[in-house]
Amino acid sequence: MKLRRAIKDSRSELELFRRRALAGFALIVLALIGLVVRYATLQVSRYDEFAARSENNRVKPIAIPPARGLIFDRNGVLLADNVPAFRLEVVPEQVTDMKALLEQLGQVIPLSQDDLDAFHKLLKQSHRFESVPLKMRLTEDEIDRFAVNRWRFPGVDVVPYQNRRYPLGELFAHVIGYVARIDADDLDRLDPGSYKGTTHVGRIGVERSYEDMLHGTPGYELVEVNADGRTQRVLQTHPAIAGKNIYLSIDARIQKAAEQALAGQVGSAVAIDPRNGQVLAMVSVPSFDPNLFVDGISHIDYGTLNTAPDKPLLNRALRGVYPPGSTVKPFLALGGLELGLRTPSDSVLSTGTFCVPGTTFCRRDDRRGGFGTVNLRMAIMWSVNTYFYKLALDMGIDRYDDWMSRFGFGQPTGIDLNGESSGILPSREWKAKRYKTSWFPGETIIAGIGQGYWTVTPMQMAHALSILAGHGVPYAPRLVMATQTDVDAPKQPLPNPPSGPSVINNPADWQAVVDGMQMVVNDPRGTGYGLGKGFPYTIAGKSGTAEIYSRHTDAYNENTSLAYLASRHRAWFEMFAPAEEPRIAVVVSLENGAWGASSAGPIARKILDAWLATQSDAPPDTPLQPGSLSSPDVVSGAPAPPNAPASSASTPGAATDASQDTPQDEPANTSSQENPP
Amino acid sequence: MIEMLHVRMKRLLRRVLTRPRIDLPLAGALLLLAVAGLCTLYSAAAGDGGPTSGQVVGQALRFVLGFVLMLLISRIPPSVLRNWTPWLYAGSTLLLVVVSVLGEGRGADRWLNLGVMRFQPSELAKLTMPMMVAWYLHPRQLPPRWKDIAMVGVLIAIPAYLIGKQPDLGTALLVAAAGSFALFLSGMAWWRIGLLLVGAAGMAPIAWHFMHGYQRGRILTMLNPESDPLGNGWHIIQSQIAVGSGGAFGKGWMHSSQAQLDFLPEHTTDFIFAVFSEEFGLVGVCLMMVLYAFIIGRCLWIAMEARETYSRLLAGAIGMSLFVYVFVNGGMVSGMLPVVGVPMPMVSYGGTSAVTLLVGFGMLMSIHAHRKRHD
């Protein structure tokens with residue numbers, strides 16, 4: 001410092017500064033003179049031009065909102081429509097006493113508190129010359145009454161607009177979502193220019209995720225206004241460009257069948273075409289009427305929906321997270337083969353109990369005394385826990401974790417909808433982060449049967465199943481298949497290339513696993529025997545029953561009441577067909593199913609039946625509604641009768657399901673915290 | 001240690017509260033500017049209907065707060081300011097980081113919610129930036145060499161980047177300009193300045209690449225306002241009509257038809273100078289420019305009188321950054337520059353910018369008061 005100060009020459013520095021300050025000031029004065037010259041150009045040289053424009057400045061641009069794109073199913077069934085409607089609008093600057101006006105207006109046209117709240121909110125955000133909507137969708141009667149009283153209300157007008165309508169209501173509520181009035185939060189994220197004159201915006205579902213395509217580009221007209229700002233005539237019109245129409249990959253017929261099959265349940269179903277990732281059906285029940293949200297849902301209606309115990313607003317397919325249970329066994333089996341830990345014929349002795357070697361941490365099989373010596377196919381067919389406990393242990397949690405993540409578990413599927421949950425694929429890192437403890441081998445064997453910390457969404461499960469069914473080629477699930485600029489214009493398909501290379505190296509491995517899954521449905525000893533009856537193609541499948549509550553004893557559950565079990569179990573069934581070259585993969589998940597095979601299985605089968613009916617190349621002798629399986633009593637009520645589908649099909653093999661004193665699936669410990677080795 | 005701090009704080013407080021020493025020409029010019037600003041606001045707000053006085057009173061209260069702060073700060077000696085500078089700079093930069101992590105605001109994350117009031121840390125940076133550059137150059141040998149120039153460049157770039165990312169291009173520009181002026185005044189060789197400017201011009205295509213879509217849009221709109229009649233193009237056209245129709249002598253106070261008829265958007269904030277130009281004409285514009293030039297000149301005069309390098313650079317940089325406000329806002333209103341959120345100092349309504357400006361002038365007053373050696 002001292003040295004520097006010694007070198008610093010204060011006097012020359014000051015001199016330097018003075019020169020600089022003067023130079024700077026000179027430059028600034030020059031620039032300000034330049035600015036004045038600019039103003040002089042506008043105010044003196046071009047005065048006449050601007051004075052005339054100001055004098056004639058009676059021209060205002062008025063935005064023309066674009067028509068929102070329509071939404072169709074894959075065959076052109078209309079799912080979201082625009083219908084002409086009328087709304088009441090107020091121009092604030094033409095109203096002298098807003099309070100009195102609203103009071104008097106309320107006597108002519110009833111205004112609810114919701115209408116008034118929304119109006120006051122919008123009023124604050126708008127310019128005084130912009131008209132603010134007060135009440136949407138006026139009835140004929142209201143329009144007539146207003147017309148008679150119109151002279152009393154200057155600044156108030158009835159304005160035509162396009163209102164969104166969802167003709168199929170509840171059926172597509174969780175897929176399409178709905179549009180709603182633009183609110184303050186929307187204004188923050190939307191480009192004000194392209195939303196001038198638009199009152200609604202996609203809030204959830206496809207309406208939200210494809211907002212940019214559906215919305216379109218506003219046009220404007222130049223109108224001449226008088227000194228009070230009232231429109232005199234239109235000078236020029238630049239039409240708006242309508243939003244694009246959208247074609248979903250969903251088939252409304254399959255969607256309908258899935259909804260009917262799920263009626264009365266709490267759960268969801270997803271069907272995907274494994275050849276391209278197109279979603280063929282996505283249902284979450286119970287559902288709600290999206291039309292309620294379009295004009296602003298009333299507080300009462302919203303309260304009812306929001307507090308209902310079975311949560312109709314929850315999109316279970318996308319956001320419901322459940323332990324996957326035995327549905328993961330085929331994936332684990334495939335991993336054992338692909339990683340070289342097993343061959344299809346390697347067999348394991350199931351004695352009824354499996355203990356982690358060197359510890360007292362033991363878990364049971366579903367059948368007392370075990371299943372004897374089983375190989376891979378039999379292990380899938382019977383859902384033999386011991387086989388998978390041992391395989392998971394041999395694989396180790398790290399390889400296990402890596403393998404399962406290839407099927408998309410523990411991560412978003414990348415579907416073209418906002419807000420999907422990722423579920424949890426447990427790993428060492430995950431547990432260290434979440435619980436600050438290390439991983440126990442006992443937790444590996446529990447993960448081997450899809451329990452413990454593991455959670456998945458039905459969409460994730462369907463995504464994983466379609467990767468498996470599609471010979472390992474992954475496609476992100478897609479709801480939108482094509483777009484269209486106009487109803488008469490050709491459809492432009494939206495490409496969906498595979499999201500990666502095939503995860504399967506050896507086709508023989510795939511065949512062995514699919515054989516096992518086929519035996520689940522078609523072998524008299526299989527847990528889902530009977531579900532494939534009467535179907536022209538071979539079906540492959542796997543059941544899953546996961547426990548919600550942790551068990552504190554190792555005892556077998558003696559209570560066989562289905563209502564009791566339904567309250568404790570999550571039932572799954574995954575299914576795809578044709579087993580040789582799969583074209584549809586279905587996952588059904590029930591929050592209150594007693595058993596995977598008997599509760600969820602028949603629903604999955606009904607979805608396959610509906611799909612079959614839509615296939616033009618279906619064999620002519622196809623029984624579209626196989627009576628043996630779709631006995632309505634199985635699926636109509638939540639507490640299904642004990643003789644689930646296999647029994648009603650009166651096949652001897654069905655006995656394996658119902659007569660067992662324990663679940664055909666794994667009642668494992670979901671807490672996994674007791675006596676870790 | 002605490003004892004000592006206590007004593008020092010007490011001494012400082014006494015100094016702050018005794019008779020403030022202000023520079024009368026500068027204070028007078030600022031007062032004149034404040035009155036002109038309030039009159040323009042009164043007229044511009046009239047078109048909005050409702051209680052016009054509300055906006056004017058609110059603005060007047062801000063001015064009062066600003067002048068009080070100016071008087072208080074004028075009592076803090078420049079040496080104390082200099083000692084605080086690194087901490088103030090670090091603090092404001094930290095706040096900018098906090099804002100970028102958890103800020104909130106309409107579209108742009110510029111605000112920090114302090115519970116009772118919302119606070120814009122970038123305003124603080126407008127002052128701490130020239131302070132920091134002055135602090136850095138103060139003990140160095142001047143004119144600066146490349147090493148020091150590079151260091152100052154980093155000091156400028158950090159806050160400017162954080163603000164530009166918010167995105168608030170206007171304030172980022174003001175902050176960067178304030179720091180650059182301090183560097184300019186330190187005597188950085190002309191050939192180095194030229195070299196840097198050429199380099200910056202070469203970087204322009206890269207900057208274009210990193211701009212937000214809306215920022216590019218504003219530049220394109222400036223070049224061709226008719227292309228965007230519903231958005232910024234409308235602002236520019238209406239603003240030019242307002243300015244041009246004012247003519248040489250203006251339409252008279254309270255007679256801005258553009259604002260009264262609500263044709264001119266943002267006519268109390270960023271575009272208020274269009275209302276001023278319409279009502280007072282070219283004569284008014286010239287008088288206003290003379291007033292601004294006088295204030296800037298007076299600041300530079302105070303800077304030349306200052307005792308040491310820090311005060312000189314700080315005073316000069318604050319004065320010169322006022323020019324950036326005037327030039328950018330005036331250029332935007334007349335359609336010469338793209339639409340950037342820079343207010344016309346002491347005239348545009350709202351925000352903390354008037355308060356920040358007056359706090360800056362408080363520092364100038366202090367530098368003025370300590371111009372002679374009296375240790």
# chains A, B, ... in the order shown; residues from 1 in each chain; ligands from 1
>>> residues_around(residues="Ile241 in chain B", least_positions_apart="2", cutoff="9 Å", atoms="only C-alpha atoms", output="JSON list (two decimals) with C-alpha atoms, in the first residue's frame")
[["chain", "number", "residue", "atom", "x", "y", "z"],
["A", 42, "LEU", "CA", -40.83, 15.12, -34.37],
["A", 49, "GLU", "CA", -48.05, 14.95, -39.73],
["A", 50, "PHE", "CA", -48.29, 14.18, -36.01],
["A", 51, "ALA", "CA", -50.72, 16.99, -35.25],
["A", 53, "ARG", "CA", -52.60, 12.05, -36.57],
["A", 54, "SER", "CA", -53.33, 13.26, -33.07],
["A", 57, "ASN", "CA", -56.33, 9.78, -33.43],
["B", 236, "ILE", "CA", -44.08, 3.59, -29.75],
["B", 237, "ILE", "CA", -46.57, 4.90, -32.30],
["B", 238, "GLN", "CA", -48.79, 6.54, -29.71],
["B", 239, "SER", "CA", -45.81, 8.00, -27.90],
["B", 243, "VAL", "CA", -44.50, 14.04, -28.76],
["B", 244, "GLY", "CA", -44.88, 15.23, -32.34],
["B", 245, "SER", "CA", -48.32, 16.77, -31.87],
["B", 246, "GLY", "CA", -46.92, 18.89, -29.03],
["B", 258, "GLN", "CA", -53.16, 11.37, -26.00],
["B", 274, "ALA", "CA", -44.36, 11.91, -23.87],
["B", 278, "GLU", "CA", -47.08, 17.04, -25.73]]
>>> interface_residues(of="chain A", to="chain B", cutoff="7 Å", atoms="only C-alpha atoms", output="PyMOL selection string")
chain A and resi 4-5+8+13+16-18+20-21+25+28-29+32+35-36+39-40+42-44+46-47+50-51+53-54+61+188-189+193
>>> write_last_selection(atoms="N, CA and C atoms", output="PDB file, in the first residue's frame")
ATOM      1  N   ARG A   4       2.560   1.957  -3.190  1.00  0.00           N
ATOM      2  CA  ARG A   4       1.629   2.441  -4.200  1.00  0.00           C
ATOM      3  C   ARG A   4       1.328   3.909  -3.990  1.00  0.00           C
ATOM      4  N   ARG A   5       1.027   4.234  -2.731  1.00  0.00           N
ATOM      5  CA  ARG A   5       0.679   5.628  -2.429  1.00  0.00           C
ATOM      6  C   ARG A   5       1.831   6.552  -2.810  1.00  0.00           C
ATOM      7  N   LYS A   8       1.617   7.050  -6.416  1.00  0.00           N
ATOM      8  CA  LYS A   8       0.460   7.840  -6.857  1.00  0.00           C
ATOM      9  C   LYS A   8       0.809   9.325  -6.868  1.00  0.00           C
ATOM     10  N   GLU A  13      -3.026  13.208 -11.133  1.00  0.00           N
ATOM     11  CA  GLU A  13      -4.287  12.452 -11.137  1.00  0.00           C
ATOM     12  C   GLU A  13      -5.477  13.402 -11.186  1.00  0.00           C
ATOM     13  N   LEU A  16      -5.775  14.820 -14.561  1.00  0.00           N
ATOM     14  CA  LEU A  16      -6.351  13.814 -15.453  1.00  0.00           C
ATOM     15  C   LEU A  16      -7.873  13.760 -15.273  1.00  0.00           C
ATOM     16  N   PHE A  17      -8.290  13.765 -13.998  1.00  0.00           N
ATOM     17  CA  PHE A  17      -9.728  13.680 -13.720  1.00  0.00           C
ATOM     18  C   PHE A  17     -10.450  14.875 -14.308  1.00  0.00           C
ATOM     19  N   ARG A  18      -9.858  16.058 -14.123  1.00  0.00           N
ATOM     20  CA  ARG A  18     -10.537  17.265 -14.638  1.00  0.00           C
ATOM     21  C   ARG A  18     -10.728  17.172 -16.143  1.00  0.00           C
ATOM     22  N   ARG A  20     -10.897  14.513 -17.897  1.00  0.00           N
ATOM     23  CA  ARG A  20     -11.918  13.503 -18.181  1.00  0.00           C
ATOM     24  C   ARG A  20     -13.325  14.013 -17.922  1.00  0.00           C
ATOM     25  N   ALA A  21     -13.502  14.705 -16.794  1.00  0.00           N
ATOM     26  CA  ALA A  21     -14.823  15.214 -16.444  1.00  0.00           C
ATOM     27  C   ALA A  21     -15.294  16.186 -17.519  1.00  0.00           C
ATOM     28  N   PHE A  25     -18.450  15.605 -19.854  1.00  0.00           N
ATOM     29  CA  PHE A  25     -19.551  16.565 -19.882  1.00  0.00           C
ATOM     30  C   PHE A  25     -19.818  17.015 -21.318  1.00  0.00           C
ATOM     31  N   ILE A  28     -21.722  14.381 -23.027  1.00  0.00           N
ATOM     32  CA  ILE A  28     -23.109  14.329 -22.550  1.00  0.00           C
ATOM     33  C   ILE A  28     -23.924  15.449 -23.168  1.00  0.00           C
ATOM     34  N   VAL A  29     -23.344  16.645 -23.195  1.00  0.00           N
ATOM     35  CA  VAL A  29     -24.081  17.766 -23.776  1.00  0.00           C
ATOM     36  C   VAL A  29     -24.353  17.491 -25.251  1.00  0.00           C
ATOM     37  N   LEU A  32     -27.189  15.038 -25.442  1.00  0.00           N
ATOM     38  CA  LEU A  32     -28.475  15.657 -25.115  1.00  0.00           C
ATOM     39  C   LEU A  32     -28.938  16.558 -26.263  1.00  0.00           C
ATOM     40  N   LEU A  35     -30.495  14.381 -28.683  1.00  0.00           N
ATOM     41  CA  LEU A  35     -31.852  14.030 -28.253  1.00  0.00           C
ATOM     42  C   LEU A  35     -32.815  15.168 -28.587  1.00  0.00           C
ATOM     43  N   VAL A  36     -32.374  16.394 -28.317  1.00  0.00           N
ATOM     44  CA  VAL A  36     -33.231  17.549 -28.609  1.00  0.00           C
ATOM     45  C   VAL A  36     -33.486  17.629 -30.113  1.00  0.00           C
ATOM     46  N   TYR A  39     -36.220  15.325 -30.911  1.00  0.00           N
ATOM     47  CA  TYR A  39     -37.525  15.889 -30.539  1.00  0.00           C
ATOM     48  C   TYR A  39     -37.921  17.004 -31.505  1.00  0.00           C
ATOM     49  N   ALA A  40     -36.910  17.789 -31.919  1.00  0.00           N
ATOM     50  CA  ALA A  40     -37.227  18.869 -32.850  1.00  0.00           C
ATOM     51  C   ALA A  40     -37.740  18.289 -34.165  1.00  0.00           C
ATOM     52  N   LEU A  42     -39.449  15.540 -34.563  1.00  0.00           N
ATOM     53  CA  LEU A  42     -40.831  15.117 -34.374  1.00  0.00           C
ATOM     54  C   LEU A  42     -41.744  16.322 -34.192  1.00  0.00           C
ATOM     55  N   GLN A  43     -41.266  17.316 -33.410  1.00  0.00           N
ATOM     56  CA  GLN A  43     -42.179  18.381 -32.986  1.00  0.00           C
ATOM     57  C   GLN A  43     -42.211  19.563 -33.942  1.00  0.00           C
ATOM     58  N   VAL A  44     -41.162  19.700 -34.754  1.00  0.00           N
ATOM     59  CA  VAL A  44     -41.168  20.837 -35.668  1.00  0.00           C
ATOM     60  C   VAL A  44     -41.271  20.363 -37.120  1.00  0.00           C
ATOM     61  N   ARG A  46     -41.827  17.380 -38.387  1.00  0.00           N
ATOM     62  CA  ARG A  46     -42.943  16.471 -38.695  1.00  0.00           C
ATOM     63  C   ARG A  46     -44.192  16.843 -37.905  1.00  0.00           C
ATOM     64  N   TYR A  47     -44.229  18.117 -37.436  1.00  0.00           N
ATOM     65  CA  TYR A  47     -45.352  18.540 -36.599  1.00  0.00           C
ATOM     66  C   TYR A  47     -46.695  18.336 -37.281  1.00  0.00           C
ATOM     67  N   PHE A  50     -47.865  14.723 -37.305  1.00  0.00           N
ATOM     68  CA  PHE A  50     -48.294  14.178 -36.009  1.00  0.00           C
ATOM     69  C   PHE A  50     -49.490  14.932 -35.449  1.00  0.00           C
ATOM     70  N   ALA A  51     -49.560  16.228 -35.718  1.00  0.00           N
ATOM     71  CA  ALA A  51     -50.721  16.986 -35.248  1.00  0.00           C
ATOM     72  C   ALA A  51     -51.975  16.421 -35.899  1.00  0.00           C
ATOM     73  N   ARG A  53     -52.327  13.400 -37.092  1.00  0.00           N
ATOM     74  CA  ARG A  53     -52.598  12.053 -36.572  1.00  0.00           C
ATOM     75  C   ARG A  53     -53.219  12.137 -35.182  1.00  0.00           C
ATOM     76  N   SER A  54     -52.764  13.114 -34.406  1.00  0.00           N
ATOM     77  CA  SER A  54     -53.330  13.264 -33.072  1.00  0.00           C
ATOM     78  C   SER A  54     -54.779  13.709 -33.174  1.00  0.00           C
ATOM     79  N   PRO A  61     -56.916  -0.094 -31.894  1.00  0.00           N
ATOM     80  CA  PRO A  61     -56.972  -1.501 -32.282  1.00  0.00           C
ATOM     81  C   PRO A  61     -57.776  -2.285 -31.245  1.00  0.00           C
ATOM     82  N   ASP A 188     -49.514 -13.582 -15.114  1.00  0.00           N
ATOM     83  CA  ASP A 188     -48.072 -13.506 -14.907  1.00  0.00           C
ATOM     84  C   ASP A 188     -47.305 -14.312 -15.935  1.00  0.00           C
ATOM     85  N   ARG A 189     -47.872 -15.459 -16.347  1.00  0.00           N
ATOM     86  CA  ARG A 189     -47.081 -16.323 -17.213  1.00  0.00           C
ATOM     87  C   ARG A 189     -47.466 -16.207 -18.687  1.00  0.00           C
ATOM     88  N   GLY A 193     -49.858  -9.869 -25.147  1.00  0.00           N
ATOM     89  CA  GLY A 193     -50.216  -9.557 -26.530  1.00  0.00           C
ATOM     90  C   GLY A 193     -51.084 -10.632 -27.150  1.00  0.00           C
TER      91      GLY A 193
END
>>> closest_atom_pairs(of="range 143-219 of chain A", to="range 254-276 of chain A", cutoff="10 Å", atoms="only C-alpha atoms", output="Markdown table")
| residue | atom | partner | partner_atom | distance |
| --- | --- | --- | --- | --- |
| A:Leu168 | CA | A:Lys256 | CA | 9.8 |
| A:Glu170 | CA | A:Glu259 | CA | 9.6 |
| A:Leu171 | CA | A:Lys256 | CA | 6.9 |
| A:Phe172 | CA | A:Gln255 | CA | 8.2 |
>>> residues_around(residues="Ile76 in chain B", least_positions_apart="4", cutoff="10 Å", atoms="only C-alpha atoms", output="PyMOL selection string")
chain B and resi 12-13+15-16+20+71-72+80-81+362-363+365-367+369-370
>>> atom_distance(atom1="CA of Val201 in chain A", atom2="CA of Met136 in chain A")
14.8 Å
>>> residues_around(residues="Ala379 in chain A", least_positions_apart="2", cutoff="12 Å", atoms="only C-alpha atoms", output="PyMOL selection string")
chain A and resi 326+329-330+332-333+344-350+365-366+370-377+381-391+449+512-513+515-517+519-520+525-527+542+664-665
>>> write_last_selection(atoms="N, CA and C atoms", output="CSV table (one decimal), in the first residue's frame")
chain,number,residue,atom,x,y,z
A,326,SER,N,-46.6,-57.5,-6.8
A,326,SER,CA,-46.0,-58.5,-7.7
A,326,SER,C,-46.0,-58.2,-9.1
A,329,LYS,N,-42.6,-58.5,-10.7
A,329,LYS,CA,-41.9,-59.7,-10.8
A,329,LYS,C,-41.4,-60.1,-12.2
A,330,PRO,N,-42.3,-59.9,-13.3
A,330,PRO,CA,-41.8,-60.2,-14.6
A,330,PRO,C,-40.5,-59.3,-15.0
A,332,LEU,N,-38.3,-58.1,-12.8
A,332,LEU,CA,-37.2,-58.7,-12.1
A,332,LEU,C,-36.7,-60.0,-12.8
A,333,ALA,N,-37.6,-60.8,-13.2
A,333,ALA,CA,-37.2,-62.1,-13.8
A,333,ALA,C,-36.4,-61.8,-15.1
A,344,PRO,N,-33.6,-69.7,-17.7
A,344,PRO,CA,-35.0,-70.0,-17.5
A,344,PRO,C,-35.3,-71.2,-16.7
A,345,SER,N,-34.3,-72.2,-16.8
A,345,SER,CA,-34.6,-73.5,-16.2
A,345,SER,C,-34.0,-73.6,-14.8
A,346,ASP,N,-33.2,-72.6,-14.3
A,346,ASP,CA,-32.7,-72.6,-13.0
A,346,ASP,C,-33.9,-72.7,-12.0
A,347,SER,N,-33.8,-73.5,-11.0
A,347,SER,CA,-34.9,-73.7,-10.1
A,347,SER,C,-34.5,-73.4,-8.7
A,348,VAL,N,-35.5,-73.0,-7.9
A,348,VAL,CA,-35.4,-72.7,-6.5
A,348,VAL,C,-36.4,-73.4,-5.7
A,349,LEU,N,-36.0,-73.9,-4.5
A,349,LEU,CA,-37.0,-74.6,-3.7
A,349,LEU,C,-37.7,-73.6,-2.8
A,350,SER,N,-39.0,-73.6,-3.0
A,350,SER,CA,-39.9,-72.8,-2.1
A,350,SER,C,-40.4,-73.6,-1.0
A,365,ASP,N,-43.7,-67.2,1.9
A,365,ASP,CA,-44.4,-67.4,0.6
A,365,ASP,C,-45.9,-67.3,0.8
A,366,ASP,N,-46.6,-67.2,-0.3
A,366,ASP,CA,-48.1,-67.0,-0.1
A,366,ASP,C,-48.7,-68.3,0.3
A,370,GLY,N,-45.0,-73.7,1.0
A,370,GLY,CA,-44.3,-73.3,-0.2
A,370,GLY,C,-44.8,-74.0,-1.5
A,371,PHE,N,-44.1,-73.7,-2.6
A,371,PHE,CA,-44.6,-74.2,-3.9
A,371,PHE,C,-43.7,-75.4,-4.4
A,372,GLY,N,-42.7,-75.8,-3.6
A,372,GLY,CA,-41.8,-76.8,-4.0
A,372,GLY,C,-40.7,-76.2,-4.9
A,373,THR,N,-40.2,-77.0,-5.8
A,373,THR,CA,-39.1,-76.6,-6.7
A,373,THR,C,-39.8,-75.9,-7.9
A,374,VAL,N,-39.4,-74.6,-8.1
A,374,VAL,CA,-40.0,-73.8,-9.2
A,374,VAL,C,-38.9,-73.2,-10.1
A,375,ASN,N,-39.2,-73.2,-11.4
A,375,ASN,CA,-38.3,-72.4,-12.3
A,375,ASN,C,-38.9,-71.1,-12.6
A,376,LEU,N,-38.2,-70.3,-13.5
A,376,LEU,CA,-38.6,-69.0,-13.8
A,376,LEU,C,-40.1,-68.9,-14.2
A,377,ARG,N,-40.5,-69.7,-15.2
A,377,ARG,CA,-41.9,-69.6,-15.7
A,377,ARG,C,-42.9,-69.9,-14.6
A,381,MET,N,-45.8,-67.6,-12.9
A,381,MET,CA,-47.2,-68.1,-12.9
A,381,MET,C,-47.8,-68.1,-11.6
A,382,TRP,N,-47.0,-68.6,-10.6
A,382,TRP,CA,-47.6,-68.7,-9.2
A,382,TRP,C,-47.3,-67.5,-8.4
A,383,SER,N,-46.5,-66.6,-8.9
A,383,SER,CA,-46.0,-65.5,-8.1
A,383,SER,C,-45.3,-65.9,-6.8
A,384,VAL,N,-44.3,-66.7,-7.0
A,384,VAL,CA,-43.6,-67.4,-5.9
A,384,VAL,C,-42.6,-66.4,-5.3
A,385,ASN,N,-42.9,-65.9,-4.1
A,385,ASN,CA,-42.0,-64.9,-3.5
A,385,ASN,C,-40.6,-65.3,-3.3
A,386,THR,N,-40.4,-66.6,-2.8
A,386,THR,CA,-39.1,-67.1,-2.5
A,386,THR,C,-38.1,-66.9,-3.7
A,387,TYR,N,-38.6,-67.2,-4.9
A,387,TYR,CA,-37.8,-67.2,-6.1
A,387,TYR,C,-37.3,-65.7,-6.3
A,388,PHE,N,-38.2,-64.8,-6.1
A,388,PHE,CA,-37.8,-63.4,-6.3
A,388,PHE,C,-37.0,-62.8,-5.2
A,389,TYR,N,-37.3,-63.3,-3.9
A,389,TYR,CA,-36.5,-62.8,-2.8
A,389,TYR,C,-35.0,-63.1,-3.1
A,390,LYS,N,-34.8,-64.4,-3.5
A,390,LYS,CA,-33.4,-64.9,-3.7
A,390,LYS,C,-32.8,-64.1,-4.9
A,391,LEU,N,-33.6,-64.0,-6.0
A,391,LEU,CA,-33.1,-63.3,-7.2
A,391,LEU,C,-32.7,-61.8,-6.9
A,449,ILE,N,-40.3,-58.0,-4.3
A,449,ILE,CA,-41.7,-58.2,-4.6
A,449,ILE,C,-42.5,-57.0,-4.7
A,512,ALA,N,-39.0,-66.1,-22.5
A,512,ALA,CA,-39.2,-66.9,-21.3
A,512,ALA,C,-40.2,-66.2,-20.3
A,513,VAL,N,-39.9,-64.9,-20.2
A,513,VAL,CA,-40.8,-64.1,-19.2
A,513,VAL,C,-42.2,-64.0,-19.7
A,515,ASP,N,-43.7,-66.1,-21.6
A,515,ASP,CA,-44.3,-67.5,-21.4
A,515,ASP,C,-44.8,-67.5,-20.0
A,516,GLY,N,-44.0,-67.1,-19.0
A,516,GLY,CA,-44.5,-67.2,-17.6
A,516,GLY,C,-45.7,-66.3,-17.4
A,517,MET,N,-45.8,-65.1,-18.1
A,517,MET,CA,-46.9,-64.2,-17.9
A,517,MET,C,-48.1,-64.8,-18.6
A,519,MET,N,-48.7,-68.0,-18.8
A,519,MET,CA,-49.2,-69.1,-17.9
A,519,MET,C,-50.0,-68.5,-16.8
A,520,VAL,N,-49.7,-67.3,-16.4
A,520,VAL,CA,-50.5,-66.6,-15.3
A,520,VAL,C,-52.0,-66.7,-15.7
A,525,ARG,N,-53.0,-73.5,-13.3
A,525,ARG,CA,-52.5,-73.2,-12.0
A,525,ARG,C,-52.2,-71.7,-11.8
A,526,GLY,N,-52.3,-70.9,-12.8
A,526,GLY,CA,-51.9,-69.5,-12.8
A,526,GLY,C,-52.8,-68.7,-11.9
A,527,THR,N,-52.3,-67.6,-11.4
A,527,THR,CA,-53.0,-66.8,-10.4
A,527,THR,C,-54.2,-66.1,-11.1
A,542,LYS,N,-50.0,-60.4,-15.4
A,542,LYS,CA,-49.5,-60.6,-14.0
A,542,LYS,C,-50.4,-59.8,-13.1
A,664,GLN,N,-52.7,-65.0,-3.1
A,664,GLN,CA,-51.8,-65.6,-4.0
A,664,GLN,C,-50.6,-64.7,-4.2
A,665,ASP,N,-50.7,-63.5,-3.7
A,665,ASP,CA,-49.6,-62.6,-3.8
A,665,ASP,C,-49.0,-62.4,-2.5
>>> residues_around(residues="range 23-35 of chain B", least_positions_apart="5", cutoff="9 Å", atoms="only C-alpha atoms", output="PDB file with C-alpha atoms, in the first residue's frame")
ATOM      1  CA  THR B  40     -46.555  16.532 -15.183  1.00  0.00           C
ATOM      2  CA  ALA B  60     -44.691  13.719  -3.261  1.00  0.00           C
ATOM      3  CA  PHE B  63     -39.789  12.856  -2.761  1.00  0.00           C
ATOM      4  CA  MET B 288     -35.873  20.162 -19.199  1.00  0.00           C
ATOM      5  CA  LEU B 291     -32.041  21.488 -16.204  1.00  0.00           C
ATOM      6  CA  TYR B 292     -30.700  17.943 -16.428  1.00  0.00           C
ATOM      7  CA  PHE B 294     -27.098  21.692 -15.218  1.00  0.00           C
ATOM      8  CA  ILE B 295     -27.494  18.984 -12.560  1.00  0.00           C
ATOM      9  CA  ARG B 298     -22.905  20.603 -11.102  1.00  0.00           C
ATOM     10  CA  CYS B 299     -22.182  17.010 -10.061  1.00  0.00           C
ATOM     11  CA  ILE B 302     -18.435  18.934  -7.167  1.00  0.00           C
ATOM     12  CA  PRO B 345     -35.568  10.683 -13.307  1.00  0.00           C
ATOM     13  CA  MET B 346     -37.809  12.511 -10.813  1.00  0.00           C
ATOM     14  CA  VAL B 347     -40.640  12.679 -13.372  1.00  0.00           C
ATOM     15  CA  LEU B 358     -31.831  11.385  -4.008  1.00  0.00           C
ATOM     16  CA  PHE B 361     -27.266  13.089  -4.442  1.00  0.00           C
ATOM     17  CA  LEU B 364     -22.661  14.191  -3.537  1.00  0.00           C
ATOM     18  CA  MET B 365     -23.694  16.720  -0.911  1.00  0.00           C
ATOM     19  CA  HIS B 368     -19.235  18.707  -1.486  1.00  0.00           C
ATOM     20  CA  ALA B 369     -19.284  19.442   2.242  1.00  0.00           C
TER      21      ALA B 369
END
